[in-house]
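What follows is one structure encoded as structure tokens, with my remarks underneath.
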Amino acid sequence: MTVAPIAITPGCPKGIGYEVTAMAVRRLGLGPVVIAGDHRAMQRAGLRESDRVELLETGDTGEPAEVAALRWAVLACRTGRARALCTGPIHKARLAAQGFAYHGHTDFLADLCGVSTPVMAFVGGSVRVALVTVHHSLRAVPDLITRERVLTTLRVVDRALRSQLRLEAPRIAVCGLNPHAGEGGLLGREELEAIGPAIEAAKAEGILAFGPVSAEEAFMHPERCDLVLAMYHDQGLAPLKRVDFGRTVNWTMGLPIVRTSVDHGTADALVGTGLARSESMEAALKLADELSRGSCTA
């Protein structure tokens, strides 16, 4: 039976996405893949058509090539033309200056898929992390930690772990927001008023969530759970990237498609220097392949 390709969008034409895509595709021998993006950037990176690699130019659509590539790739995944999407880095500020109205990939992909509650998650080594809040100032986070938001995130995470990772009873460790998970209200009440009640509601639905636990406890003992649910960006990503930076994969949960991504930015200064590394793109492609084949071991 013919296997649909993985769609790859290398991201910003001025960044290292095209180079790391070319390296990863060569090293992995993975296929089939279809790479959608800017033709000149493809040429510069040495990307070539083959029996396993298809190149699709999306640079003349009236919008940035990386945005047009994402539109095509999502449609391809939703119509069976592709079986998964793997994305390279985009430059958020540069796109915003061109009128791009989204904070990044996740918001845009959710809008294209008609999803209101996507969840940003990461896989690095033996650790998996998902985030309740993402690109918000630290000052804004406490007001965003509500019972409903935590519960909704738990539902999305549990469903993704069961459907895409094929885990029968995934265990989710839920971090507190405050030091020592609030110390029974002494150091903050979010655990008592929002996080704890969300965990209890999730348990009533059959979700194996536990906590709230302090972040240091959750990350010191990752073997006790299948995923750590962090309340904000740096709470989850700082320890994860310390453990496995360069090979960490961004995995968007809650979409009707499989989507993975690299864990780094565009690194414009590395283009053409030979210093760009492709481990994260390789890991992202492997995870996209495994998730879409139902053989994931992440």
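By order in the structure tokens, chains are A, B, ...; within a chain, residues start at 1; ligands start at 1, following the order shown.
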
So which residues touch Asn250 in chain A within 8 Å, counting only C-alpha atoms, skipping near sequence neighbours fewer than 6 positions away, as a short mmCIF file (atom, residue, chain, number, x, y, z; two decimals) with C-alpha atoms, in the first residue's frame?
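Saved file around36.cif follows:
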```
data_model
loop_
_atom_site.label_atom_id
_atom_site.label_comp_id
_atom_site.auth_asym_id
_atom_site.auth_seq_id
_atom_site.Cartn_x
_atom_site.Cartn_y
_atom_site.Cartn_z
CA MET A 120 1.82 23.03 22.91
CA ALA A 121 3.78 19.98 24.03
CA PHE A 122 7.39 18.85 23.78
CA VAL A 123 9.21 15.54 23.70
CA THR A 260 5.75 18.22 14.96
CA SER A 261 8.43 20.89 14.82
CA VAL A 262 12.01 21.75 15.71
CA ASP A 263 12.79 23.28 19.10
CA ALA A 284 10.85 15.96 14.61
#
```

**Report entry** Polymer residues at most 7 Å from Ala82 in chain A, only C-alpha atoms, same-chain spacing of 4 or more positions, as JSON, numbers by chain
**Finding:** {"A": [4, 5, 6, 7, 76, 77]}

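The shortest atom-to-atom distance to Ile145 in chain A, with only C-alpha atoms taken into account, belongs to A:Asn178 out of A:Ser126, A:Asn178, A:Thr61, A:Gln164.
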
Report task. Determine, counting only C-alpha atoms, which protein, DNA and RNA residues have an atom within 12 Å of an atom of Val53 in chain A; residues of the same chain fewer than 4 positions away are not included. Present the result as a ChimeraX atom specification. Result -> /A:4-8,21-22,25-26,29-36,47-49

Residues as selected, N, CA and C atoms, written as a PDB file, in the first residue's frame, can you do that?
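For reference, out-v1.pdb as written:
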```pdb
ATOM      1  N   ALA A   4       1.267   7.871   2.189  1.00  0.00           N
ATOM      2  CA  ALA A   4       1.272   9.299   1.887  1.00  0.00           C
ATOM      3  C   ALA A   4       2.534   9.928   2.464  1.00  0.00           C
ATOM      4  N   PRO A   5       3.014  10.994   1.851  1.00  0.00           N
ATOM      5  CA  PRO A   5       4.257  11.608   2.332  1.00  0.00           C
ATOM      6  C   PRO A   5       4.061  12.435   3.601  1.00  0.00           C
ATOM      7  N   ILE A   6       5.154  12.737   4.261  1.00  0.00           N
ATOM      8  CA  ILE A   6       5.175  13.744   5.315  1.00  0.00           C
ATOM      9  C   ILE A   6       5.388  15.090   4.641  1.00  0.00           C
ATOM     10  N   ALA A   7       4.578  16.068   4.981  1.00  0.00           N
ATOM     11  CA  ALA A   7       4.756  17.425   4.468  1.00  0.00           C
ATOM     12  C   ALA A   7       5.732  18.172   5.366  1.00  0.00           C
ATOM     13  N   ILE A   8       6.758  18.766   4.772  1.00  0.00           N
ATOM     14  CA  ILE A   8       7.734  19.554   5.522  1.00  0.00           C
ATOM     15  C   ILE A   8       7.662  21.000   5.069  1.00  0.00           C
ATOM     16  N   THR A  21      16.639  21.006   7.049  1.00  0.00           N
ATOM     17  CA  THR A  21      15.740  20.086   6.349  1.00  0.00           C
ATOM     18  C   THR A  21      16.516  19.228   5.359  1.00  0.00           C
ATOM     19  N   ALA A  22      17.388  19.870   4.577  1.00  0.00           N
ATOM     20  CA  ALA A  22      18.184  19.125   3.593  1.00  0.00           C
ATOM     21  C   ALA A  22      19.062  18.090   4.279  1.00  0.00           C
ATOM     22  N   VAL A  25      16.791  15.154   5.803  1.00  0.00           N
ATOM     23  CA  VAL A  25      16.226  14.261   4.785  1.00  0.00           C
ATOM     24  C   VAL A  25      17.312  13.335   4.238  1.00  0.00           C
ATOM     25  N   ARG A  26      18.516  13.881   4.022  1.00  0.00           N
ATOM     26  CA  ARG A  26      19.611  13.051   3.520  1.00  0.00           C
ATOM     27  C   ARG A  26      20.033  12.002   4.553  1.00  0.00           C
ATOM     28  N   GLY A  29      17.166   9.272   5.265  1.00  0.00           N
ATOM     29  CA  GLY A  29      16.688   8.453   4.164  1.00  0.00           C
ATOM     30  C   GLY A  29      15.200   8.224   4.257  1.00  0.00           C
ATOM     31  N   LEU A  30      14.513   9.178   4.890  1.00  0.00           N
ATOM     32  CA  LEU A  30      13.085   9.027   5.162  1.00  0.00           C
ATOM     33  C   LEU A  30      12.286   9.445   3.935  1.00  0.00           C
ATOM     34  N   GLY A  31      11.227   8.738   3.671  1.00  0.00           N
ATOM     35  CA  GLY A  31      10.404   9.130   2.558  1.00  0.00           C
ATOM     36  C   GLY A  31       9.127   8.311   2.525  1.00  0.00           C
ATOM     37  N   PRO A  32       8.207   8.726   1.698  1.00  0.00           N
ATOM     38  CA  PRO A  32       8.311   9.933   0.882  1.00  0.00           C
ATOM     39  C   PRO A  32       8.039  11.203   1.690  1.00  0.00           C
ATOM     40  N   VAL A  33       8.603  12.320   1.209  1.00  0.00           N
ATOM     41  CA  VAL A  33       8.331  13.622   1.806  1.00  0.00           C
ATOM     42  C   VAL A  33       8.052  14.619   0.697  1.00  0.00           C
ATOM     43  N   VAL A  34       7.263  15.629   1.018  1.00  0.00           N
ATOM     44  CA  VAL A  34       7.072  16.751   0.113  1.00  0.00           C
ATOM     45  C   VAL A  34       7.443  18.011   0.870  1.00  0.00           C
ATOM     46  N   ILE A  35       8.360  18.795   0.312  1.00  0.00           N
ATOM     47  CA  ILE A  35       8.887  19.987   0.972  1.00  0.00           C
ATOM     48  C   ILE A  35       8.301  21.205   0.298  1.00  0.00           C
ATOM     49  N   ALA A  36       7.552  21.994   1.055  1.00  0.00           N
ATOM     50  CA  ALA A  36       6.856  23.151   0.505  1.00  0.00           C
ATOM     51  C   ALA A  36       7.481  24.433   1.022  1.00  0.00           C
ATOM     52  N   LEU A  47      18.486  21.411  -1.865  1.00  0.00           N
ATOM     53  CA  LEU A  47      17.364  20.462  -1.917  1.00  0.00           C
ATOM     54  C   LEU A  47      17.082  20.103  -3.374  1.00  0.00           C
ATOM     55  N   ARG A  48      16.892  18.814  -3.633  1.00  0.00           N
ATOM     56  CA  ARG A  48      16.668  18.336  -4.983  1.00  0.00           C
ATOM     57  C   ARG A  48      15.500  17.357  -5.011  1.00  0.00           C
ATOM     58  N   GLU A  49      14.806  17.326  -6.155  1.00  0.00           N
ATOM     59  CA  GLU A  49      13.751  16.338  -6.374  1.00  0.00           C
ATOM     60  C   GLU A  49      14.378  14.946  -6.503  1.00  0.00           C
TER      61      GLU A  49
END
```

Query raised in the report: What are the DSSP alpha helix (DSSP H) residues of range 133-192 of chain A, as a VMD selection string?
Result: chain A and resid 141 to 144 147 to 163 190

Requested in this report: DSSP on the backbone, then: every residue of range 137-261 of chain A marked strand (DSSP E), written as a list in words.
Outcome: Arg171, Ile172, Ala173, Val174, Cys175, Leu208, Ala209, Phe210, Gly211, Pro212, Val213, Leu227, Val228, Leu229, Ala230, Val249, Asn250, Trp251, Thr252, Met253, Arg259, Thr260 and Ser261 of chain A

Report task. Please provide the set of residues having any atom within 7 Å of Glu57 in chain A, restricted to only C-alpha atoms, with same-chain residues fewer than 2 positions apart removed, written as a ChimeraX atom specification. Result -> /A:36-39,55,59

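Each of A:Glu217, A:Gly11, A:Tyr18, A:Arg259 was checked against Gly46 in chain A using only C-alpha atoms; the smallest atom-to-atom distance is that of A:Tyr18.
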
Requested in this report: Between CA of Asp158 in chain A and CA of Cys113 in chain A, measure the distance and give it in Å to one decimal.
Outcome: 19.6 Å

Query raised in the report: For the atom pair CA of Arg277 in chain A and CA of Met23 in chain A, what is the interatomic distance in Å to one decimal place?
Result: 8.3 Å

Report task. Could you give me, as a PyMOL selection string, the residues within 8 Å of range 138-142 of chain A, counting only C-alpha atoms and dropping anything in the same chain fewer than 2 positions from it? Result -> chain A and resi 133+136+144-145+177+190+232

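Here CA of Ser214 in chain A and CA of Ala181 in chain A stand 4.9 Å from one another.
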
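Nearest residue to Ala93 in chain A among A:Glu63, A:Gly265, A:Pro118, A:Arg128 is A:Gly265, counting only C-alpha atoms.
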
Requested in this report: Write out as a VMD selection string each polymer residue whose atoms come within 8 Å of range 209-212 of chain A, counting only C-alpha atoms; drop sequence neighbours fewer than 2 positions from it.
Outcome: chain A and resid 154 171 to 176 181 191 195 to 196 199 202 to 203 207 214

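With only C-alpha atoms as the atoms that count, the residue of A:Ser137, A:Ala218, A:Thr146, A:Gly15 with the shortest distance to Leu192 in chain A is A:Thr146.
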
Query - Within 8 Å of Val258 in chain A using only C-alpha atoms, minus same-chain residues under 4 positions, as a PyMOL selection string - result: chain A and resi 83-85+252+288+291-292

Write the selection just made, keeping N, CA and C atoms, as a JSON list (two decimals), in the first residue's frame?
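Done, and the output landed in result30.json:
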```
[["chain", "number", "residue", "atom", "x", "y", "z"],
["A", 83, "ARG", "N", 0.41, 12.73, 5.33],
["A", 83, "ARG", "CA", -0.03, 12.06, 6.56],
["A", 83, "ARG", "C", 0.42, 12.75, 7.82],
["A", 84, "ALA", "N", 1.31, 13.73, 7.72],
["A", 84, "ALA", "CA", 1.79, 14.47, 8.88],
["A", 84, "ALA", "C", 2.46, 15.74, 8.41],
["A", 85, "LEU", "N", 2.59, 16.69, 9.31],
["A", 85, "LEU", "CA", 3.25, 17.96, 9.03],
["A", 85, "LEU", "C", 4.42, 18.13, 9.99],
["A", 252, "THR", "N", 2.27, 19.49, 18.61],
["A", 252, "THR", "CA", 1.01, 20.18, 18.86],
["A", 252, "THR", "C", -0.10, 19.17, 19.08],
["A", 288, "ALA", "N", 7.11, 12.59, 13.74],
["A", 288, "ALA", "CA", 5.98, 12.73, 12.82],
["A", 288, "ALA", "C", 5.71, 11.41, 12.11],
["A", 291, "LEU", "N", 4.24, 8.88, 14.84],
["A", 291, "LEU", "CA", 2.88, 9.22, 15.23],
["A", 291, "LEU", "C", 1.89, 8.90, 14.12],
["A", 292, "SER", "N", 2.27, 9.22, 12.89],
["A", 292, "SER", "CA", 1.33, 9.03, 11.77],
["A", 292, "SER", "C", 1.23, 7.58, 11.33]]
```

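Nearest residue to Cys225 in chain A, choosing from A:Ala276, A:Ala169, A:Val115, A:Leu237 and counting only C-alpha atoms: A:Ala169.
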